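Structure below is start.cif: mmCIF, C-alpha atoms.
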```cif
data_structure
loop_
_atom_site.label_atom_id
_atom_site.label_comp_id
_atom_site.auth_asym_id
_atom_site.auth_seq_id
_atom_site.Cartn_x
_atom_site.Cartn_y
_atom_site.Cartn_z
CA MET F 48 102.87 186.92 -71.43
CA ASP F 49 102.72 183.66 -73.36
CA PHE F 50 102.68 184.10 -77.14
CA SER F 51 103.00 180.39 -77.96
CA LEU F 52 100.30 178.26 -79.54
CA ASN F 53 99.35 175.00 -77.85
CA ASP F 54 99.37 171.65 -79.67
CA GLU F 55 95.61 171.71 -80.26
CA GLN F 56 95.81 175.15 -81.88
CA LYS F 57 98.71 174.07 -84.08
CA MET F 58 96.79 170.97 -85.17
CA MET F 59 93.69 173.04 -85.88
CA ILE F 60 95.64 175.50 -88.02
CA GLU F 61 97.31 172.69 -89.94
CA THR F 62 93.97 170.98 -90.55
CA VAL F 63 92.39 174.16 -91.91
CA ARG F 64 95.48 175.02 -93.97
CA ARG F 65 95.54 171.56 -95.55
CA PHE F 66 91.81 171.65 -96.29
CA ILE F 67 92.16 175.03 -98.00
CA ALA F 68 95.15 173.88 -100.06
CA GLU F 69 93.58 170.61 -101.15
CA GLU F 70 89.88 171.43 -101.46
CA LEU F 71 89.45 175.17 -101.98
CA GLN F 72 92.46 176.71 -103.72
CA PRO F 73 92.12 174.36 -106.76
CA LEU F 74 88.70 175.96 -107.38
CA GLU F 75 89.89 179.58 -107.32
CA ASP F 76 90.69 179.94 -111.03
CA GLU F 77 87.34 178.47 -112.03
CA VAL F 78 85.50 180.92 -109.79
CA GLU F 79 87.50 183.80 -111.22
CA GLU F 80 86.87 182.78 -114.82
CA LYS F 81 83.15 181.93 -114.49
CA GLY F 82 82.20 184.49 -111.86
CA PHE F 83 80.34 181.85 -109.85
CA LEU F 84 80.75 178.44 -108.23
CA ASP F 85 78.36 175.87 -109.63
CA ASN F 86 75.86 174.33 -107.27
CA ALA F 87 77.29 170.80 -107.30
CA LYS F 88 80.74 172.01 -106.23
CA SER F 89 79.18 174.36 -103.70
CA GLN F 90 77.33 171.45 -102.12
CA ALA F 91 80.44 169.26 -102.19
CA ILE F 92 82.68 171.66 -100.27
CA HIS F 93 79.76 172.59 -98.01
CA THR F 94 79.49 168.90 -97.03
CA LYS F 95 83.26 168.51 -96.64
CA GLY F 96 83.48 171.65 -94.51
CA LYS F 97 80.84 170.33 -92.12
CA ALA F 98 82.61 166.97 -91.93
CA LEU F 99 85.76 168.80 -90.88
CA GLY F 100 83.95 169.92 -87.72
CA LEU F 101 84.59 173.63 -88.18
CA TYR F 102 81.29 174.69 -89.75
CA GLY F 103 79.72 177.40 -87.61
CA MET F 104 82.91 177.55 -85.58
CA ASN F 105 81.70 180.61 -83.66
CA MET F 106 78.61 178.81 -82.38
CA PRO F 107 78.46 176.87 -79.07
CA ALA F 108 79.33 173.17 -79.21
CA GLU F 109 76.03 172.25 -77.52
CA LEU F 110 74.22 173.63 -80.58
CA GLY F 111 76.43 171.65 -82.93
CA GLY F 112 78.88 174.46 -83.66
CA GLY F 113 82.65 174.51 -83.36
CA GLY F 114 82.57 176.03 -79.88
CA LEU F 115 85.82 177.89 -80.47
CA SER F 116 87.11 180.74 -78.36
CA ASN F 117 87.50 184.10 -80.08
CA LEU F 118 91.25 183.60 -80.37
CA ASP F 119 90.91 180.10 -81.82
CA ARG F 120 88.38 181.36 -84.32
CA ILE F 121 90.75 184.15 -85.32
CA LEU F 122 93.52 181.62 -85.92
CA CYS F 123 91.21 179.83 -88.38
CA GLU F 124 89.96 183.04 -89.96
CA GLU F 125 93.54 184.06 -90.70
CA GLN F 126 93.94 180.87 -92.71
CA PHE F 127 90.69 181.63 -94.54
CA GLY F 128 92.40 184.70 -95.94
CA HIS F 129 94.54 182.36 -98.05
CA THR F 130 91.64 181.62 -100.40
CA THR F 131 88.61 183.18 -102.11
CA ASP F 132 85.62 184.62 -100.23
CA ILE F 133 82.94 182.48 -101.83
CA LEU F 134 84.82 179.25 -101.08
CA ILE F 135 85.13 180.19 -97.42
CA ARG F 136 81.42 180.88 -97.23
CA ARG F 137 80.52 177.51 -98.71
CA ALA F 138 82.93 175.42 -96.68
CA PHE F 139 82.73 177.10 -93.28
CA GLY F 140 79.45 179.02 -93.34
CA ASN F 141 78.36 182.39 -92.00
CA VAL F 142 76.34 181.89 -88.81
CA TYR F 143 75.79 185.28 -87.25
CA GLU F 144 75.99 185.82 -83.49
CA PRO F 145 72.61 187.62 -83.19
CA LEU F 146 70.96 184.25 -83.86
CA LEU F 147 72.01 183.23 -80.35
CA HIS F 148 69.18 185.46 -79.15
CA CYS F 149 66.65 183.02 -80.61
CA GLN F 150 64.17 181.71 -78.04
CA GLY F 151 61.46 179.06 -77.96
CA ASP F 152 60.36 177.90 -81.40
CA GLN F 153 62.89 180.24 -83.02
CA VAL F 154 65.69 177.87 -81.99
CA GLU F 155 64.36 174.99 -84.10
CA ARG F 156 63.13 177.23 -86.90
CA TRP F 157 66.24 179.31 -87.50
CA LEU F 158 69.14 178.86 -85.05
CA LYS F 159 69.81 175.11 -85.09
CA PRO F 160 69.34 174.71 -88.87
CA ALA F 161 71.79 177.59 -89.42
CA VAL F 162 74.40 176.01 -87.15
CA GLU F 163 73.86 172.61 -88.80
CA GLY F 164 74.20 174.17 -92.24
CA THR F 165 70.79 172.95 -93.42
CA ARG F 166 69.68 176.59 -93.60
CA THR F 167 71.88 179.53 -94.53
CA CYS F 168 71.59 183.14 -93.52
CA ALA F 169 72.76 186.59 -94.57
CA ILE F 170 72.68 189.78 -92.53
CA THR F 171 71.12 192.84 -94.16
CA ILE F 172 71.99 196.28 -92.83
CA THR F 173 73.32 198.30 -95.77
CA GLU F 174 70.92 200.41 -97.81
CA PRO F 175 71.42 202.87 -100.69
CA GLY F 176 71.32 205.73 -98.17
CA ALA F 177 72.92 203.96 -95.22
CA GLY F 178 76.40 202.46 -95.49
CA SER F 179 78.77 203.21 -92.64
CA ASP F 180 75.83 205.00 -90.98
CA ALA F 181 74.00 201.84 -89.90
CA ALA F 182 71.54 203.91 -87.86
CA GLY F 183 70.46 205.82 -90.96
CA ILE F 184 68.36 203.02 -92.43
CA LYS F 185 64.92 203.68 -93.96
CA THR F 186 63.57 200.12 -93.99
CA HIS F 187 60.78 199.96 -91.40
CA ALA F 188 58.40 197.50 -89.77
CA LYS F 189 54.98 198.38 -88.37
CA LYS F 190 53.34 196.38 -85.59
CA THR F 191 49.96 194.82 -86.37
CA ASP F 192 47.59 192.43 -84.61
CA GLN F 193 49.03 189.56 -86.70
CA GLY F 194 52.68 190.50 -86.22
CA TRP F 195 54.63 192.99 -88.33
CA VAL F 196 54.54 194.52 -91.82
CA LEU F 197 57.98 195.12 -93.34
CA ASN F 198 58.75 197.70 -96.05
CA GLY F 199 62.00 198.98 -97.52
CA ALA F 200 65.08 197.94 -99.45
CA LYS F 201 68.61 196.70 -98.85
CA HIS F 202 71.60 196.39 -101.16
CA PHE F 203 75.12 194.92 -101.33
CA ILE F 204 73.81 191.85 -99.47
CA SER F 205 76.62 189.32 -99.67
CA ASP F 206 75.71 185.79 -100.70
CA GLY F 207 72.00 186.53 -100.90
CA GLU F 208 71.45 183.91 -103.61
CA TRP F 209 72.64 181.03 -101.42
CA SER F 210 70.88 182.25 -98.28
CA ASP F 211 67.31 181.17 -97.54
CA PHE F 212 66.64 183.61 -94.71
CA PHE F 213 67.91 187.03 -93.72
CA LEU F 214 68.55 189.04 -90.56
CA VAL F 215 66.93 192.35 -91.48
CA SER F 216 67.43 195.56 -89.52
CA ALA F 217 64.37 197.81 -89.66
CA LYS F 218 63.06 200.87 -87.88
CA THR F 219 60.19 200.12 -85.52
CA GLY F 220 59.96 203.68 -84.19
CA ASP F 221 61.45 207.13 -84.78
CA LYS F 222 64.61 206.24 -82.85
CA GLU F 223 64.12 202.49 -82.56
CA ILE F 224 65.67 199.75 -84.69
CA SER F 225 64.73 196.08 -84.42
CA MET F 226 65.99 192.95 -86.14
CA PHE F 227 63.84 190.39 -87.92
CA MET F 228 64.39 186.93 -89.38
CA VAL F 229 62.84 186.99 -92.83
CA ASP F 230 62.47 183.85 -94.94
CA LYS F 231 63.10 184.03 -98.66
CA GLY F 232 59.94 183.41 -100.66
CA LEU F 233 57.51 185.39 -98.50
CA ALA F 234 54.89 187.38 -100.41
CA GLY F 235 56.19 190.86 -101.14
CA PHE F 236 59.85 189.87 -100.64
CA THR F 237 61.70 190.34 -103.94
CA VAL F 238 65.33 189.53 -104.68
CA GLY F 239 66.77 192.11 -107.05
CA LYS F 240 69.82 192.18 -109.27
CA ASP F 241 73.32 191.01 -108.42
CA GLN F 242 75.38 194.18 -108.05
CA LYS F 243 78.61 193.27 -109.85
CA MET F 244 81.83 194.14 -108.05
CA MET F 245 85.39 194.88 -109.17
CA GLY F 246 86.58 192.07 -106.89
CA LEU F 247 85.20 189.20 -104.80
CA ARG F 248 84.30 187.28 -107.94
CA GLY F 249 81.81 184.52 -107.29
CA THR F 250 80.18 186.16 -104.27
CA PRO F 251 76.84 187.68 -105.29
CA HIS F 252 75.83 191.01 -103.76
CA LEU F 253 72.09 191.39 -104.10
CA GLU F 254 69.38 193.98 -103.81
CA LEU F 255 66.44 193.04 -101.59
CA PHE F 256 63.01 194.67 -101.66
CA PHE F 257 60.26 194.39 -99.03
CA ASP F 258 56.77 195.45 -100.07
CA ASN F 259 54.25 194.93 -97.25
CA VAL F 260 55.90 191.68 -96.20
CA GLN F 261 53.80 190.03 -93.49
CA LEU F 262 55.86 188.69 -90.59
CA ASP F 263 54.57 186.75 -87.60
CA ASP F 264 55.63 187.71 -84.07
CA ALA F 265 58.21 184.92 -83.98
CA CYS F 266 60.21 186.72 -86.69
CA LEU F 267 61.32 189.40 -84.22
CA LEU F 268 64.82 188.55 -82.99
CA GLY F 269 65.41 189.51 -79.39
CA GLU F 270 63.32 192.44 -78.21
CA ALA F 271 61.89 195.37 -80.12
CA GLY F 272 64.44 198.19 -80.14
CA GLN F 273 67.38 195.82 -79.67
CA GLY F 274 68.22 195.63 -83.38
CA PHE F 275 70.95 198.27 -83.52
CA LYS F 276 72.77 196.67 -80.59
CA LEU F 277 72.52 193.24 -82.25
CA ALA F 278 73.74 194.61 -85.57
CA MET F 279 76.71 196.41 -84.02
CA GLY F 280 77.63 193.32 -82.02
CA ALA F 281 77.60 191.26 -85.19
CA LEU F 282 79.62 193.85 -87.10
CA ASN F 283 82.26 194.02 -84.37
CA VAL F 284 82.90 190.30 -84.68
CA VAL F 285 82.85 190.48 -88.49
CA ARG F 286 85.34 193.35 -88.44
CA LEU F 287 87.75 191.40 -86.29
CA ALA F 288 87.37 187.97 -87.89
CA GLN F 289 86.25 188.37 -91.48
CA VAL F 290 88.07 191.64 -92.12
CA GLY F 291 90.99 191.87 -89.69
CA ALA F 292 92.11 188.26 -89.49
CA ARG F 293 91.38 187.45 -93.12
CA ALA F 294 93.21 190.59 -94.25
CA VAL F 295 96.28 189.43 -92.32
CA GLY F 296 95.97 185.96 -93.88
CA LYS F 297 95.60 187.33 -97.39
CA ALA F 298 98.54 189.71 -96.91
CA THR F 299 100.59 186.77 -95.63
CA HIS F 300 99.71 184.70 -98.69
CA VAL F 301 100.56 187.54 -101.08
CA CYS F 302 103.80 188.35 -99.26
CA GLU F 303 104.97 184.75 -99.59
CA LEU F 304 104.32 184.85 -103.33
CA MET F 305 106.20 188.16 -103.55
CA VAL F 306 109.22 186.82 -101.66
CA ASN F 307 109.35 183.69 -103.82
CA TRP F 308 109.14 185.75 -107.00
CA ALA F 309 111.86 188.13 -105.82
CA SER F 310 114.07 185.12 -105.04
CA GLU F 311 113.67 183.60 -108.52
CA ARG F 312 113.16 186.49 -110.92
CA LYS F 313 116.36 187.95 -112.40
CA GLN F 314 117.08 191.25 -114.09
CA PHE F 315 120.53 192.38 -115.16
CA ASN F 316 121.77 188.92 -114.12
CA THR F 317 120.76 189.65 -110.52
CA ARG F 318 117.85 188.41 -108.41
CA ILE F 319 115.45 191.31 -108.03
CA GLY F 320 115.30 190.44 -104.33
CA ASP F 321 118.90 191.68 -104.10
CA PHE F 322 117.88 195.18 -105.19
CA GLN F 323 117.57 197.45 -102.17
CA MET F 324 114.30 199.04 -103.24
CA VAL F 325 112.67 195.62 -103.63
CA GLN F 326 114.12 194.60 -100.27
CA GLN F 327 112.48 197.64 -98.68
CA MET F 328 109.08 196.63 -100.08
CA ILE F 329 109.52 193.12 -98.72
CA ALA F 330 110.79 194.30 -95.34
CA ASP F 331 107.96 196.82 -94.90
CA SER F 332 105.42 194.13 -95.78
CA VAL F 333 106.82 191.66 -93.28
CA ILE F 334 106.89 194.29 -90.53
CA GLU F 335 103.36 195.51 -91.16
CA ILE F 336 101.86 192.01 -91.40
CA ASN F 337 103.30 191.03 -88.04
CA ALA F 338 102.14 194.28 -86.43
CA ALA F 339 98.59 193.81 -87.74
CA ARG F 340 98.51 190.15 -86.68
CA TRP F 341 99.35 190.92 -83.06
CA MET F 342 96.69 193.64 -82.99
CA VAL F 343 94.15 191.06 -84.18
CA TYR F 344 95.26 188.49 -81.61
CA HIS F 345 95.17 191.04 -78.80
CA ALA F 346 91.62 192.14 -79.62
CA ALA F 347 90.49 188.50 -79.72
CA TRP F 348 92.17 187.86 -76.38
CA MET F 349 90.34 190.85 -74.90
CA LEU F 350 87.00 189.44 -76.03
CA ASP F 351 87.84 186.08 -74.46
CA GLN F 352 88.55 187.89 -71.17
CA GLY F 353 85.11 189.52 -71.31
CA MET F 354 86.61 192.94 -71.95
CA ASP F 355 85.20 195.72 -74.14
CA ALA F 356 87.32 195.68 -77.31
CA ARG F 357 85.34 198.06 -79.52
CA GLU F 358 88.13 200.60 -79.93
CA GLN F 359 90.74 197.87 -80.44
CA ILE F 360 88.58 196.28 -83.15
CA ALA F 361 88.21 199.67 -84.85
CA MET F 362 92.02 199.95 -84.83
CA VAL F 363 92.31 196.43 -86.26
CA LYS F 364 89.84 197.27 -89.02
CA VAL F 365 91.98 200.21 -90.15
CA GLN F 366 95.43 198.67 -89.65
CA ALA F 367 94.76 195.23 -91.13
CA SER F 368 92.79 196.45 -94.15
CA GLU F 369 95.32 199.13 -95.02
CA THR F 370 98.23 196.76 -94.45
CA LEU F 371 96.66 194.36 -96.95
CA GLY F 372 96.26 197.17 -99.46
CA ARG F 373 99.90 198.22 -99.18
CA VAL F 374 101.24 194.66 -99.32
CA VAL F 375 99.25 193.78 -102.45
CA ASP F 376 100.22 197.05 -104.12
CA ARG F 377 103.90 196.27 -103.47
CA ALA F 378 103.40 192.76 -104.81
CA VAL F 379 102.07 194.12 -108.10
CA GLN F 380 105.17 196.33 -108.31
CA VAL F 381 107.58 193.48 -107.53
CA PHE F 382 105.88 191.19 -110.06
CA GLY F 383 106.01 193.98 -112.62
CA GLY F 384 104.07 193.33 -115.82
CA MET F 385 103.11 189.85 -114.64
CA GLY F 386 101.55 191.40 -111.55
CA PHE F 387 99.15 193.28 -113.84
CA CYS F 388 98.43 190.21 -115.94
CA LYS F 389 95.50 187.86 -115.36
CA GLU F 390 97.78 184.88 -115.95
CA LEU F 391 98.86 185.17 -112.30
CA PRO F 392 96.55 185.74 -109.31
CA ILE F 393 98.28 188.93 -108.07
CA GLU F 394 95.97 191.27 -109.98
CA ARG F 395 92.99 189.38 -108.54
CA TYR F 396 94.31 189.83 -105.01
CA TYR F 397 94.83 193.52 -105.76
CA ARG F 398 91.17 193.91 -106.77
CA ASP F 399 89.89 191.83 -103.85
CA ALA F 400 91.95 193.80 -101.32
CA ARG F 401 90.44 197.17 -102.17
CA ILE F 402 87.06 196.50 -100.55
CA TYR F 403 88.60 195.78 -97.12
CA ARG F 404 88.99 199.52 -96.48
CA ILE F 405 85.32 200.12 -97.26
CA TYR F 406 82.96 197.43 -96.00
CA ASP F 407 81.89 197.11 -92.39
CA GLY F 408 82.77 200.75 -91.82
CA THR F 409 85.25 202.75 -93.88
CA SER F 410 88.74 203.55 -92.61
CA GLU F 411 87.70 207.18 -92.27
CA ILE F 412 84.72 206.36 -90.05
CA HIS F 413 86.82 204.11 -87.81
CA ARG F 414 89.53 206.75 -87.50
CA GLY F 415 86.86 209.14 -86.29
CA VAL F 416 85.66 206.60 -83.71
CA ILE F 417 89.23 206.03 -82.49
CA ALA F 418 90.03 209.74 -82.27
CA LYS F 419 86.84 210.54 -80.34
CA SER F 420 87.55 207.70 -77.90
CA ALA F 421 91.11 208.92 -77.41
CA MET F 422 89.87 212.44 -76.69
CA LYS F 423 87.36 211.07 -74.20
CA LYS F 424 89.40 208.34 -72.50
CA GLY F 425 92.91 209.70 -72.88
CA ALA F 426 96.09 207.62 -72.62
CA VAL F 427 94.27 204.47 -71.47
CA LEU F 428 93.63 203.80 -75.16
CA PHE F 429 97.31 203.63 -76.08
CA ASP F 430 99.26 203.24 -72.84
CA VAL F 431 99.06 199.73 -71.34
CA ASN F 432 100.12 201.04 -67.92
CA ARG F 433 97.06 203.27 -67.52
#
```

Can you present the structure in this file as structure tokens?
Amino acid sequence: MDFSLNDEQKMMIETVRRFIAEELQPLEDEVEEKGFLDNAKSQAIHTKGKALGLYGMNMPAELGGGGLSNLDRILCEEQFGHTTDILIRRAFGNVYEPLLHCQGDQVERWLKPAVEGTRTCAITITEPGAGSDAAGIKTHAKKTDQGWVLNGAKHFISDGEWSDFFLVSAKTGDKEISMFMVDKGLAGFTVGKDQKMMGLRGTPHLELFFDNVQLDDACLLGEAGQGFKLAMGALNVVRLAQVGARAVGKATHVCELMVNWASERKQFNTRIGDFQMVQQMIADSVIEINAARWMVYHAAWMLDQGMDAREQIAMVKVQASETLGRVVDRAVQVFGGMGFCKELPIERYYRDARIYRIYDGTSEIHRGVIAKSAMKKGAVLFDVNR
């Protein structure tokens, strides 16, 4: 086994880390205070991110994307965890893998512009009655001679204000789900309120309503009935990259702040880092971060080998998100009153961390998936020699 990074990977990580430190982190306080990033600054870092060559990093190079392997993408995504969600979205984009199923005119209409960053996209699965149960959606599309008619509603749609088209999952039969590319501005398509969150300041989470929205045949992505498979494929990658890897990166960032504070802060004429109970919190954080990181890397490696990593990604989703929660909670404790104060970013990280255990499948749902797989497959799921 070779756990070393090659020179290209090290250079890539350093480039992303420097960009985040110089271009994105200085904007964090403004986003937190205002609750949004103004359009001029959004456009500026959007342009700079594309110039860096890592916009749409998960897309093939021949389409203009970064062309990174899963592991290389994960290395970048871990660095993304060192800054705020909305800044990552603007600088590096969200180009969802289902778009690779575009064919014919769809490529020029939706895929290439998304990879180039001239069009932006959001994926819409969650509904008021369907969260972790992605198959429980009520939004539906009916086939007509002209194409399709879409009706229903979505909510908690991240970054819906910035996006100009959406990947919409909809029922096209009693047990059939399809995916559609729906442009903002179509008749009957209404953007609802921004559902304010306790964390993730600056990232809007919108309601979307579809009232007899007329779609042409080209709006169907892939084949009819393929939507659930496309959605689950997209969510698997999101869970690994945007949840697992970013959670590790954010926990790493918070742990470094905690260690520095414990090294400098004194009580009773002694550094608090010399108190055994503080040392335990630091040690546990370091151990858990490293454990979660290697789980993330291993799952990414499996994907690059063409292996099925669904159970491993479910494990990552639980381990990384809960590690982040514990690390940030300890950081608040180590920082004491200042950890609860808005003067420092720790309380912000604490609020932001809480959602990681919920979105893209709750910890409880993923534990159920893991347990059922273990009961079915046995030791192969946890014994590398099987």

Distance query range 160-176 of chain F at most 9 Å, all atoms listed in the file, self and fewer than 5 positions along chain excluded, as a PDB file with C-alpha atoms, in the coordinates of the input:
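Contents of the output file out_36.pdb:
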```pdb
ATOM      1  CA  HIS F  93      79.760 172.590 -98.010  1.00  0.00           C
ATOM      2  CA  THR F  94      79.490 168.900 -97.030  1.00  0.00           C
ATOM      3  CA  LYS F  97      80.840 170.330 -92.120  1.00  0.00           C
ATOM      4  CA  TYR F 102      81.290 174.690 -89.750  1.00  0.00           C
ATOM      5  CA  GLY F 103      79.720 177.400 -87.610  1.00  0.00           C
ATOM      6  CA  MET F 104      82.910 177.550 -85.580  1.00  0.00           C
ATOM      7  CA  MET F 106      78.610 178.810 -82.380  1.00  0.00           C
ATOM      8  CA  LEU F 110      74.220 173.630 -80.580  1.00  0.00           C
ATOM      9  CA  GLY F 111      76.430 171.650 -82.930  1.00  0.00           C
ATOM     10  CA  GLY F 112      78.880 174.460 -83.660  1.00  0.00           C
ATOM     11  CA  GLY F 140      79.450 179.020 -93.340  1.00  0.00           C
ATOM     12  CA  ASN F 141      78.360 182.390 -92.000  1.00  0.00           C
ATOM     13  CA  VAL F 142      76.340 181.890 -88.810  1.00  0.00           C
ATOM     14  CA  TYR F 143      75.790 185.280 -87.250  1.00  0.00           C
ATOM     15  CA  LEU F 146      70.960 184.250 -83.860  1.00  0.00           C
ATOM     16  CA  VAL F 154      65.690 177.870 -81.990  1.00  0.00           C
ATOM     17  CA  GLU F 155      64.360 174.990 -84.100  1.00  0.00           C
ATOM     18  CA  ALA F 181      74.000 201.840 -89.900  1.00  0.00           C
ATOM     19  CA  GLY F 183      70.460 205.820 -90.960  1.00  0.00           C
ATOM     20  CA  ILE F 184      68.360 203.020 -92.430  1.00  0.00           C
ATOM     21  CA  LYS F 185      64.920 203.680 -93.960  1.00  0.00           C
ATOM     22  CA  THR F 186      63.570 200.120 -93.990  1.00  0.00           C
ATOM     23  CA  ALA F 200      65.080 197.940 -99.450  1.00  0.00           C
ATOM     24  CA  LYS F 201      68.610 196.700 -98.850  1.00  0.00           C
ATOM     25  CA  HIS F 202      71.600 196.390-101.160  1.00  0.00           C
ATOM     26  CA  PHE F 203      75.120 194.920-101.330  1.00  0.00           C
ATOM     27  CA  ILE F 204      73.810 191.850 -99.470  1.00  0.00           C
ATOM     28  CA  SER F 205      76.620 189.320 -99.670  1.00  0.00           C
ATOM     29  CA  ASP F 206      75.710 185.790-100.700  1.00  0.00           C
ATOM     30  CA  GLY F 207      72.000 186.530-100.900  1.00  0.00           C
ATOM     31  CA  TRP F 209      72.640 181.030-101.420  1.00  0.00           C
ATOM     32  CA  SER F 210      70.880 182.250 -98.280  1.00  0.00           C
ATOM     33  CA  ASP F 211      67.310 181.170 -97.540  1.00  0.00           C
ATOM     34  CA  PHE F 212      66.640 183.610 -94.710  1.00  0.00           C
ATOM     35  CA  PHE F 213      67.910 187.030 -93.720  1.00  0.00           C
ATOM     36  CA  LEU F 214      68.550 189.040 -90.560  1.00  0.00           C
ATOM     37  CA  VAL F 215      66.930 192.350 -91.480  1.00  0.00           C
ATOM     38  CA  SER F 216      67.430 195.560 -89.520  1.00  0.00           C
ATOM     39  CA  ALA F 217      64.370 197.810 -89.660  1.00  0.00           C
ATOM     40  CA  GLU F 254      69.380 193.980-103.810  1.00  0.00           C
ATOM     41  CA  LEU F 255      66.440 193.040-101.590  1.00  0.00           C
ATOM     42  CA  ALA F 278      73.740 194.610 -85.570  1.00  0.00           C
ATOM     43  CA  ALA F 281      77.600 191.260 -85.190  1.00  0.00           C
TER      44      ALA F 281
END
```

Report task. Using all atoms listed in the file, determine which residues lie at most 10 Å from Thr250 in chain F, disregarding the query and same-chain residues fewer than 3 positions distant; provide the list as a PyMOL selection string. Result -> chain F and resi 78+82-84+131-134+136+204-209+241+243-244+246-247+253

Report task. Please write the residues picked by the PyMOL selection byres ((chain F and resi 280) around 12) on this file as number ranges by chain. Result -> F: 143-148, 273-279, 281-287, 350, 355-357, 360, 407

Requested in this report: Give me the residues within 9 Å of range 408-411 of chain F as number ranges by chain, counting all atoms listed in the file and dropping any in the same chain fewer than 4 places off.
Outcome: F: 178-180, 282, 286, 361, 364-366, 368-369, 403-404, 415-416

**Report entry** Ground truth for the PyMOL selection byres ((chain F and resi 263) around 12), written as a VMD selection string
**Finding:** chain F and resid 153 188 to 197 227 to 230 233 260 to 262 264 to 268

Query - Resolved residues for the PyMOL selection byres ((chain F and resi 309) around 12) as a PyMOL selection string - result: chain F and resi 302-308+310-314+317-329+377-383

Query raised in the report: Taking into account all atoms listed in the file, which residue in the set F:Ile67, F:Met349, F:Ser51, F:Ala421 is nearest to Glu124 in chain F?
Result: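 Nearest candidate to Glu124 in chain F out of F:Ile67, F:Met349, F:Ser51, F:Ala421: F:Ile67.
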
Requested in this report: Name the residues, using the chain letters and numbers of the file, that sit within 12 Å of (93.7, 184.8, -76.3) when counting all atoms listed in the file, and give them as a PyMOL selection string.
Outcome: chain F and resi 48-53+56+115-122+341-354
